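The file final-v7.txt contains compact mmCIF, N, CA and C atoms:
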# COMPACT_ATOMS: atom_id res chain seq x y z
N MET A 1 61.01 86.59 90.93
CA MET A 1 60.32 85.45 90.39
C MET A 1 60.83 84.16 91.03
N ASN A 2 62.10 84.07 91.38
CA ASN A 2 62.64 82.88 92.03
C ASN A 2 62.02 82.65 93.39
N ALA A 3 61.71 83.75 94.12
CA ALA A 3 61.10 83.60 95.44
C ALA A 3 59.75 82.91 95.32
N ARG A 4 58.98 83.28 94.35
CA ARG A 4 57.68 82.65 94.14
C ARG A 4 57.84 81.16 93.81
N ARG A 5 58.78 80.87 92.97
CA ARG A 5 59.00 79.49 92.59
C ARG A 5 59.40 78.64 93.80
N ARG A 6 60.25 79.16 94.62
CA ARG A 6 60.66 78.43 95.83
C ARG A 6 59.49 78.25 96.78
N THR A 7 58.66 79.26 96.88
CA THR A 7 57.49 79.17 97.75
C THR A 7 56.56 78.07 97.27
N VAL A 8 56.33 78.02 95.99
CA VAL A 8 55.46 76.99 95.44
C VAL A 8 56.07 75.61 95.66
N LEU A 9 57.36 75.47 95.39
CA LEU A 9 58.00 74.18 95.59
C LEU A 9 57.99 73.77 97.05
N THR A 10 58.24 74.72 97.94
CA THR A 10 58.21 74.42 99.36
C THR A 10 56.81 74.02 99.79
N ALA A 11 55.82 74.77 99.36
CA ALA A 11 54.43 74.44 99.71
C ALA A 11 54.06 73.09 99.11
N GLY A 12 54.53 72.84 97.89
CA GLY A 12 54.23 71.56 97.24
C GLY A 12 54.85 70.40 98.00
N ALA A 13 56.09 70.57 98.45
CA ALA A 13 56.76 69.51 99.20
C ALA A 13 56.07 69.28 100.53
N ALA A 14 55.66 70.35 101.20
CA ALA A 14 54.97 70.21 102.48
C ALA A 14 53.64 69.49 102.28
N GLY A 15 52.94 69.84 101.20
CA GLY A 15 51.67 69.17 100.91
C GLY A 15 51.86 67.70 100.64
N ALA A 16 52.91 67.37 99.90
CA ALA A 16 53.20 65.97 99.60
C ALA A 16 53.54 65.21 100.88
N ALA A 17 54.31 65.84 101.76
CA ALA A 17 54.65 65.20 103.03
C ALA A 17 53.39 64.95 103.86
N ALA A 18 52.50 65.92 103.88
CA ALA A 18 51.25 65.76 104.63
C ALA A 18 50.41 64.64 104.03
N LEU A 19 50.39 64.55 102.71
CA LEU A 19 49.64 63.51 102.04
C LEU A 19 50.19 62.14 102.39
N VAL A 20 51.50 61.98 102.33
CA VAL A 20 52.13 60.71 102.67
C VAL A 20 51.85 60.36 104.12
N THR A 21 51.96 61.34 105.00
CA THR A 21 51.68 61.09 106.41
C THR A 21 50.24 60.66 106.61
N GLY A 22 49.32 61.33 105.92
CA GLY A 22 47.90 61.00 106.05
C GLY A 22 47.58 59.61 105.52
N CYS A 23 48.37 59.12 104.58
CA CYS A 23 48.12 57.81 103.99
C CYS A 23 48.98 56.74 104.62
N GLY A 24 49.71 57.06 105.64
CA GLY A 24 50.63 56.11 106.25
C GLY A 24 49.92 54.94 106.89
N SER A 25 50.68 53.89 107.16
CA SER A 25 50.15 52.69 107.76
C SER A 25 50.07 52.84 109.27
N SER A 26 49.05 52.22 109.85
CA SER A 26 48.91 52.24 111.30
C SER A 26 49.48 50.97 111.90
N GLY A 27 50.22 50.20 111.09
CA GLY A 27 50.77 48.95 111.59
C GLY A 27 49.88 47.77 111.25
N ASP A 28 48.66 48.02 110.75
CA ASP A 28 47.73 46.97 110.40
C ASP A 28 47.81 46.75 108.90
N GLU A 29 48.49 45.71 108.47
CA GLU A 29 48.69 45.46 107.05
C GLU A 29 47.50 44.76 106.41
N SER A 30 46.49 44.35 107.19
CA SER A 30 45.37 43.60 106.64
C SER A 30 44.38 44.49 105.91
N GLY A 31 44.45 45.79 106.10
CA GLY A 31 43.53 46.68 105.43
C GLY A 31 42.24 46.89 106.19
N GLY A 32 42.08 46.28 107.33
CA GLY A 32 40.86 46.46 108.11
C GLY A 32 40.91 45.62 109.35
N GLY A 33 39.94 45.83 110.24
CA GLY A 33 39.86 45.02 111.44
C GLY A 33 40.54 45.66 112.61
N ASP A 34 40.57 44.91 113.71
CA ASP A 34 41.21 45.43 114.91
C ASP A 34 42.70 45.10 114.87
N ALA A 35 43.41 45.29 115.97
CA ALA A 35 44.86 45.09 116.00
C ALA A 35 45.25 43.65 115.64
N SER A 36 44.36 42.69 115.91
CA SER A 36 44.67 41.29 115.59
C SER A 36 44.32 40.94 114.16
N GLY A 37 43.72 41.91 113.39
CA GLY A 37 43.34 41.64 112.01
C GLY A 37 41.92 41.13 111.87
N THR A 38 41.21 40.98 113.02
CA THR A 38 39.84 40.51 112.98
C THR A 38 38.95 41.62 112.46
N PRO A 39 38.10 41.33 111.45
CA PRO A 39 37.23 42.37 110.92
C PRO A 39 36.30 42.92 112.01
N THR A 40 36.09 44.22 111.96
CA THR A 40 35.17 44.86 112.89
C THR A 40 33.85 45.11 112.18
N ALA A 41 32.83 45.47 112.92
CA ALA A 41 31.51 45.74 112.34
C ALA A 41 31.59 46.83 111.30
N SER A 42 32.44 47.83 111.52
CA SER A 42 32.53 48.92 110.55
C SER A 42 33.20 48.46 109.25
N ASP A 43 34.03 47.40 109.29
CA ASP A 43 34.66 46.89 108.08
C ASP A 43 33.62 46.26 107.16
N ALA A 44 32.61 45.63 107.73
CA ALA A 44 31.61 44.93 106.94
C ALA A 44 30.62 45.89 106.30
N ALA A 45 30.43 47.04 106.87
CA ALA A 45 29.45 47.98 106.35
C ALA A 45 30.00 48.74 105.16
N SER A 46 29.16 48.94 104.18
CA SER A 46 29.55 49.76 103.04
C SER A 46 29.51 51.21 103.46
N PRO A 47 30.36 52.05 102.86
CA PRO A 47 30.30 53.46 103.20
C PRO A 47 28.91 54.01 102.94
N GLY A 48 28.36 54.67 103.93
CA GLY A 48 27.05 55.27 103.79
C GLY A 48 25.91 54.30 104.02
N ALA A 49 26.19 53.02 104.29
CA ALA A 49 25.13 52.05 104.51
C ALA A 49 24.57 52.20 105.91
N SER A 50 23.27 52.08 106.03
CA SER A 50 22.65 52.17 107.34
C SER A 50 22.41 50.76 107.85
N PRO A 51 22.23 50.61 109.16
CA PRO A 51 21.98 49.27 109.71
C PRO A 51 20.69 48.66 109.14
N ASP A 52 19.78 49.49 108.64
CA ASP A 52 18.52 48.99 108.10
C ASP A 52 18.59 48.72 106.60
N ALA A 53 19.78 48.87 105.99
CA ALA A 53 19.93 48.67 104.55
C ALA A 53 19.72 47.21 104.22
N PRO A 54 19.13 46.91 103.04
CA PRO A 54 18.93 45.53 102.65
C PRO A 54 20.26 44.81 102.47
N PRO A 55 20.27 43.46 102.61
CA PRO A 55 21.51 42.71 102.46
C PRO A 55 22.03 42.78 101.03
N GLY A 56 23.33 42.53 100.88
CA GLY A 56 23.93 42.53 99.55
C GLY A 56 24.46 43.89 99.18
N GLY A 57 24.97 43.97 97.99
CA GLY A 57 25.57 45.21 97.50
C GLY A 57 24.63 45.98 96.61
N GLU A 58 25.18 46.45 95.51
CA GLU A 58 24.45 47.28 94.56
C GLU A 58 23.24 46.53 93.99
N GLU A 59 22.08 47.21 93.96
CA GLU A 59 20.90 46.60 93.37
C GLU A 59 21.03 46.60 91.86
N LEU A 60 20.86 45.42 91.27
CA LEU A 60 20.93 45.28 89.82
C LEU A 60 19.56 45.43 89.18
N ALA A 61 18.57 44.75 89.74
CA ALA A 61 17.24 44.73 89.12
C ALA A 61 16.21 44.20 90.10
N ALA A 62 14.98 44.37 89.74
CA ALA A 62 13.88 43.72 90.45
C ALA A 62 13.76 42.31 89.88
N THR A 63 13.29 41.37 90.68
CA THR A 63 13.17 39.99 90.21
C THR A 63 12.26 39.91 88.99
N GLY A 64 11.24 40.75 88.92
CA GLY A 64 10.32 40.75 87.78
C GLY A 64 10.95 41.24 86.49
N ASP A 65 12.13 41.86 86.58
CA ASP A 65 12.81 42.37 85.38
C ASP A 65 13.60 41.29 84.64
N ILE A 66 13.81 40.13 85.26
CA ILE A 66 14.60 39.06 84.64
C ILE A 66 13.62 38.04 84.08
N PRO A 67 13.61 37.84 82.77
CA PRO A 67 12.64 36.92 82.17
C PRO A 67 12.90 35.45 82.54
N VAL A 68 11.82 34.72 82.79
CA VAL A 68 11.93 33.28 83.05
C VAL A 68 12.42 32.62 81.77
N GLY A 69 13.44 31.76 81.90
CA GLY A 69 14.03 31.09 80.74
C GLY A 69 15.00 31.98 79.97
N GLY A 70 15.33 33.12 80.54
CA GLY A 70 16.24 34.06 79.89
C GLY A 70 17.13 34.74 80.89
N GLY A 71 17.51 35.96 80.59
CA GLY A 71 18.38 36.70 81.49
C GLY A 71 18.60 38.11 81.01
N THR A 72 19.35 38.86 81.81
CA THR A 72 19.67 40.25 81.52
C THR A 72 21.15 40.48 81.76
N ILE A 73 21.78 41.20 80.83
CA ILE A 73 23.20 41.53 80.95
C ILE A 73 23.33 42.93 81.53
N PHE A 74 24.15 43.06 82.56
CA PHE A 74 24.44 44.35 83.19
C PHE A 74 25.86 44.72 82.78
N LYS A 75 25.95 45.49 81.69
CA LYS A 75 27.24 45.78 81.07
C LYS A 75 28.19 46.50 82.01
N GLU A 76 27.70 47.49 82.74
CA GLU A 76 28.58 48.27 83.61
C GLU A 76 29.21 47.39 84.69
N GLN A 77 28.44 46.46 85.24
CA GLN A 77 28.94 45.58 86.29
C GLN A 77 29.60 44.32 85.73
N LYS A 78 29.45 44.10 84.41
CA LYS A 78 30.01 42.92 83.74
C LYS A 78 29.47 41.62 84.34
N VAL A 79 28.14 41.63 84.54
CA VAL A 79 27.44 40.49 85.15
C VAL A 79 26.21 40.18 84.30
N VAL A 80 25.89 38.89 84.19
CA VAL A 80 24.63 38.48 83.57
C VAL A 80 23.84 37.72 84.63
N VAL A 81 22.56 38.08 84.78
CA VAL A 81 21.68 37.40 85.72
C VAL A 81 20.64 36.65 84.90
N THR A 82 20.46 35.37 85.24
CA THR A 82 19.49 34.54 84.52
C THR A 82 18.43 34.02 85.48
N GLN A 83 17.32 33.58 84.89
CA GLN A 83 16.25 32.94 85.66
C GLN A 83 15.83 31.68 84.88
N PRO A 84 16.60 30.59 85.07
CA PRO A 84 16.33 29.36 84.32
C PRO A 84 14.93 28.81 84.58
N GLU A 85 14.49 28.86 85.81
CA GLU A 85 13.15 28.41 86.22
C GLU A 85 12.54 29.53 87.06
N GLU A 86 11.24 29.61 87.10
CA GLU A 86 10.56 30.65 87.87
C GLU A 86 11.08 30.68 89.31
N GLY A 87 11.57 31.85 89.72
CA GLY A 87 12.06 32.05 91.09
C GLY A 87 13.48 31.59 91.34
N GLU A 88 14.16 31.04 90.34
CA GLU A 88 15.55 30.58 90.48
C GLU A 88 16.46 31.55 89.72
N PHE A 89 17.30 32.26 90.45
CA PHE A 89 18.16 33.27 89.84
C PHE A 89 19.62 32.86 89.95
N LYS A 90 20.34 33.03 88.86
CA LYS A 90 21.76 32.71 88.79
C LYS A 90 22.49 33.94 88.26
N ALA A 91 23.76 34.06 88.61
CA ALA A 91 24.57 35.18 88.09
C ALA A 91 25.93 34.65 87.68
N PHE A 92 26.42 35.19 86.58
CA PHE A 92 27.70 34.78 86.03
C PHE A 92 28.44 36.01 85.51
N SER A 93 29.74 35.87 85.35
CA SER A 93 30.52 36.91 84.71
C SER A 93 29.99 37.08 83.29
N ALA A 94 29.93 38.31 82.82
CA ALA A 94 29.48 38.58 81.45
C ALA A 94 30.67 38.67 80.49
N ILE A 95 31.85 38.23 80.95
CA ILE A 95 33.05 38.25 80.12
C ILE A 95 33.31 36.84 79.59
N CYS A 96 33.26 36.69 78.27
CA CYS A 96 33.47 35.39 77.62
C CYS A 96 34.84 34.83 78.00
N THR A 97 34.87 33.54 78.28
CA THR A 97 36.13 32.89 78.68
C THR A 97 37.03 32.60 77.48
N HIS A 98 36.56 32.83 76.27
CA HIS A 98 37.39 32.60 75.10
C HIS A 98 38.25 33.81 74.76
N ALA A 99 37.63 34.94 74.48
CA ALA A 99 38.39 36.12 74.06
C ALA A 99 38.18 37.33 74.97
N GLN A 100 37.64 37.09 76.15
CA GLN A 100 37.42 38.14 77.16
C GLN A 100 36.61 39.32 76.63
N ARG A 101 35.63 39.04 75.80
CA ARG A 101 34.71 40.06 75.31
C ARG A 101 33.42 39.98 76.09
N LEU A 102 32.71 41.08 76.16
CA LEU A 102 31.42 41.12 76.85
C LEU A 102 30.37 40.36 76.05
N VAL A 103 29.66 39.45 76.71
CA VAL A 103 28.57 38.75 76.03
C VAL A 103 27.51 39.78 75.66
N SER A 104 26.66 39.46 74.69
CA SER A 104 25.76 40.49 74.19
C SER A 104 24.28 40.18 74.33
N THR A 105 23.90 38.91 74.35
CA THR A 105 22.48 38.57 74.42
C THR A 105 22.27 37.33 75.26
N VAL A 106 21.01 37.17 75.69
CA VAL A 106 20.56 35.95 76.33
C VAL A 106 19.29 35.55 75.59
N SER A 107 19.35 34.38 74.92
CA SER A 107 18.18 33.92 74.17
C SER A 107 18.22 32.41 74.00
N ASP A 108 17.04 31.82 73.87
CA ASP A 108 16.93 30.38 73.62
C ASP A 108 17.73 29.55 74.61
N GLY A 109 17.77 29.98 75.88
CA GLY A 109 18.43 29.21 76.92
C GLY A 109 19.93 29.36 76.99
N THR A 110 20.50 30.31 76.22
CA THR A 110 21.95 30.49 76.26
C THR A 110 22.34 31.96 76.39
N ILE A 111 23.52 32.15 76.95
CA ILE A 111 24.17 33.46 77.05
C ILE A 111 25.14 33.48 75.87
N ASN A 112 25.05 34.52 75.04
CA ASN A 112 25.73 34.49 73.75
C ASN A 112 26.80 35.57 73.61
N CYS A 113 27.96 35.15 73.10
CA CYS A 113 29.06 36.07 72.84
C CYS A 113 29.09 36.38 71.34
N PRO A 114 29.12 37.65 70.98
CA PRO A 114 29.09 38.02 69.57
C PRO A 114 30.43 37.86 68.86
N CYS A 115 31.50 37.74 69.61
CA CYS A 115 32.84 37.77 69.02
C CYS A 115 33.11 36.56 68.12
N HIS A 116 32.97 35.35 68.67
CA HIS A 116 33.24 34.14 67.89
C HIS A 116 32.10 33.13 68.00
N GLY A 117 30.99 33.52 68.60
CA GLY A 117 29.81 32.66 68.65
C GLY A 117 29.72 31.70 69.81
N SER A 118 30.52 31.87 70.86
CA SER A 118 30.41 30.99 72.02
C SER A 118 29.04 31.18 72.67
N LYS A 119 28.50 30.07 73.20
CA LYS A 119 27.21 30.08 73.89
C LYS A 119 27.36 29.34 75.21
N PHE A 120 26.70 29.88 76.24
CA PHE A 120 26.80 29.32 77.58
C PHE A 120 25.40 29.08 78.13
N SER A 121 25.21 28.01 78.87
CA SER A 121 23.91 27.66 79.46
C SER A 121 23.48 28.71 80.48
N ILE A 122 22.19 29.06 80.48
CA ILE A 122 21.68 30.01 81.48
C ILE A 122 21.56 29.35 82.85
N THR A 123 21.63 28.02 82.92
CA THR A 123 21.49 27.30 84.18
C THR A 123 22.78 27.27 84.98
N ASP A 124 23.89 26.92 84.32
CA ASP A 124 25.16 26.77 85.03
C ASP A 124 26.34 27.39 84.30
N ALA A 125 26.08 28.10 83.21
CA ALA A 125 27.10 28.78 82.39
C ALA A 125 28.05 27.81 81.70
N ALA A 126 27.67 26.53 81.62
CA ALA A 126 28.49 25.56 80.89
C ALA A 126 28.52 25.93 79.42
N VAL A 127 29.61 25.58 78.75
CA VAL A 127 29.76 25.86 77.33
C VAL A 127 28.77 24.99 76.54
N GLU A 128 27.92 25.65 75.76
CA GLU A 128 26.98 24.96 74.87
C GLU A 128 27.52 24.92 73.45
N ALA A 129 28.29 25.95 73.08
CA ALA A 129 28.93 26.00 71.76
C ALA A 129 30.21 26.80 71.87
N GLY A 130 31.27 26.31 71.23
CA GLY A 130 32.58 26.96 71.29
C GLY A 130 32.73 28.06 70.29
N PRO A 131 33.89 28.63 70.32
CA PRO A 131 35.19 28.08 70.67
C PRO A 131 35.55 28.12 72.16
N ALA A 132 34.78 28.78 73.01
CA ALA A 132 35.10 28.77 74.45
C ALA A 132 35.13 27.33 74.94
N THR A 133 36.04 27.06 75.88
CA THR A 133 36.15 25.71 76.45
C THR A 133 35.86 25.69 77.95
N ARG A 134 35.76 26.88 78.55
CA ARG A 134 35.50 26.98 79.99
C ARG A 134 34.19 27.73 80.23
N PRO A 135 33.42 27.33 81.26
CA PRO A 135 32.17 28.03 81.58
C PRO A 135 32.44 29.45 82.09
N LEU A 136 31.41 30.26 82.07
CA LEU A 136 31.51 31.59 82.67
C LEU A 136 31.60 31.42 84.19
N PRO A 137 32.46 32.16 84.86
CA PRO A 137 32.54 32.06 86.32
C PRO A 137 31.25 32.56 86.98
N ALA A 138 30.87 31.90 88.06
CA ALA A 138 29.69 32.32 88.82
C ALA A 138 29.97 33.62 89.55
N GLU A 139 28.95 34.43 89.72
CA GLU A 139 29.02 35.67 90.50
C GLU A 139 28.04 35.54 91.67
N GLN A 140 28.34 36.21 92.76
CA GLN A 140 27.51 36.16 93.96
C GLN A 140 26.42 37.21 93.88
N ILE A 141 25.17 36.79 94.07
CA ILE A 141 24.05 37.73 94.18
C ILE A 141 23.21 37.35 95.39
N THR A 142 22.42 38.30 95.86
CA THR A 142 21.42 38.01 96.88
C THR A 142 20.06 38.44 96.31
N VAL A 143 19.05 37.66 96.62
CA VAL A 143 17.70 37.96 96.18
C VAL A 143 16.86 38.11 97.44
N SER A 144 16.33 39.31 97.64
CA SER A 144 15.56 39.59 98.85
C SER A 144 14.57 40.70 98.58
N GLY A 145 13.34 40.50 99.03
CA GLY A 145 12.33 41.54 98.91
C GLY A 145 12.08 41.97 97.48
N GLY A 146 12.20 41.05 96.54
CA GLY A 146 11.95 41.37 95.15
C GLY A 146 13.10 42.08 94.45
N ALA A 147 14.26 42.19 95.12
CA ALA A 147 15.42 42.86 94.52
C ALA A 147 16.57 41.88 94.37
N ILE A 148 17.32 42.05 93.29
CA ILE A 148 18.53 41.26 93.05
C ILE A 148 19.71 42.19 93.23
N ARG A 149 20.62 41.82 94.14
CA ARG A 149 21.78 42.65 94.46
C ARG A 149 23.06 41.87 94.26
N LEU A 150 24.10 42.60 93.86
CA LEU A 150 25.44 42.00 93.79
C LEU A 150 25.93 41.71 95.19
N GLY A 151 26.64 40.61 95.34
CA GLY A 151 27.26 40.30 96.63
C GLY A 151 26.49 39.40 97.51

Let me see whether you can do it: turn the structure in this file into structure tokens.
Amino acid sequence: MNARRRTVLTAGAAGAAALVTGCGSSGDESGGGDASGTPTASDAASPGASPDAPPGGEELAATGDIPVGGGTIFKEQKVVVTQPEEGEFKAFSAICTHAQRLVSTVSDGTINCPCHGSKFSITDAAVEAGPATRPLPAEQITVSGGAIRLG
């Protein structure tokens, strides 16, 4: 029984060594780019993205899915997208700046947090009602071809 145990431990140690070697650094501490740290074309591409892929990241919604004068909360991505005026789209963090809770609704021109009642403007995420004192941070989106994408 000891021989089996040693074999497993030896194989385990060899596997761990291979794993560490496989994850080792190539001398480039920047995490991407060429030897000088300059990003390469492959660094900019998302895994599995084709050169013909639309700009931006993950598609959140179609532009027609966001109500004019309102917005939609994307809980998984922790983002709220609003459309203050027809064709004008804004995105903000869906995490309240007061107690770091997820906002729950968008209505009557505000993004609303259920925790303590903070309200934020759908136009610029400014505080409309406290206790929050800071606006929701802006998020980057791209709008192209009728799609709203993160990034």

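Minimum atom-to-atom distance to Phe89 (chain A), evaluated using only C-alpha atoms, belongs to A:Val68 out of A:Gly57, A:Val68, A:Cys113, A:Ser121.
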
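When all atoms listed in the file are used to measure the gap to Gly69 (chain A), the shortest distance among A:Val143, A:Ala91, A:Val106, A:Cys96 belongs to A:Val106.
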
message = I'd like the contact shell of Phe120 (chain A) - 6 Å cut-off, only C-alpha atoms, skipping same-chain residues fewer than 2 positions apart - returned as a list in words.
response = Thr110, Ile111, Ala125, Ala126, Val127 and Glu128 of chain A

task = Can you work out the spacing between CA of His98 (chain A) and CA of Thr63 (chain A) in Å, to one decimal?
result = 29.5 Å

ask   = If you measure from CA of Thr123 (chain A) to atom C of Pro84 (chain A), what distance in Å do you get, rounded to one decimal?
value = 6.7 Å

query = If you measure from CA of Thr97 (chain A) to CA of Thr142 (chain A), what distance in Å do you get, rounded to one decimal?
reply = 24.0 Å

inquiry  = Can you tell me which residues surround region 72-75 of chain A at a distance of at most 8 Å, considering all atoms listed in the file, apart from same-chain residues fewer than 3 positions away, and format the answer as a PyMOL selection string?
reply    = chain A and resi 60+65-67+78-83+94+102-106

task = Compile the contact shell of Ala61 (chain A) as a ChimeraX atom specification: residues with an atom at most 8 Å away, counting only C-alpha atoms, same-chain residues fewer than 5 positions apart removed.
result = /A:66,147-149

Output the selection as a CSV table (one decimal), keeping the file's coordinate frame - N, CA and C atoms for each residue.
chain,number,residue,atom,x,y,z
A,66,ILE,N,13.8,40.1,85.3
A,66,ILE,CA,14.6,39.1,84.6
A,66,ILE,C,13.6,38.0,84.1
A,147,ALA,N,14.3,42.2,95.1
A,147,ALA,CA,15.4,42.9,94.5
A,147,ALA,C,16.6,41.9,94.4
A,148,ILE,N,17.3,42.0,93.3
A,148,ILE,CA,18.5,41.3,93.0
A,148,ILE,C,19.7,42.2,93.2
A,149,ARG,N,20.6,41.8,94.1
A,149,ARG,CA,21.8,42.6,94.5
A,149,ARG,C,23.1,41.9,94.3

ask   = Can you list every residue in region 52-143 of chain A that DSSP puts in strand (DSSP E or B), as number ranges by chain?
value = A: 59-62, 70-74, 79-85, 88-93, 95, 102, 105-107, 110-112, 119-121, 127-129, 138, 141-143

task = List every protein, DNA or RNA residue with an atom no more than 10 Å from (40.3, 26.7, 72.2) in the file's coordinates, counting only C-alpha atoms, and format the result as JSON, numbers by chain.
result = {"A": [97, 98, 99, 130, 131, 132, 133, 134]}
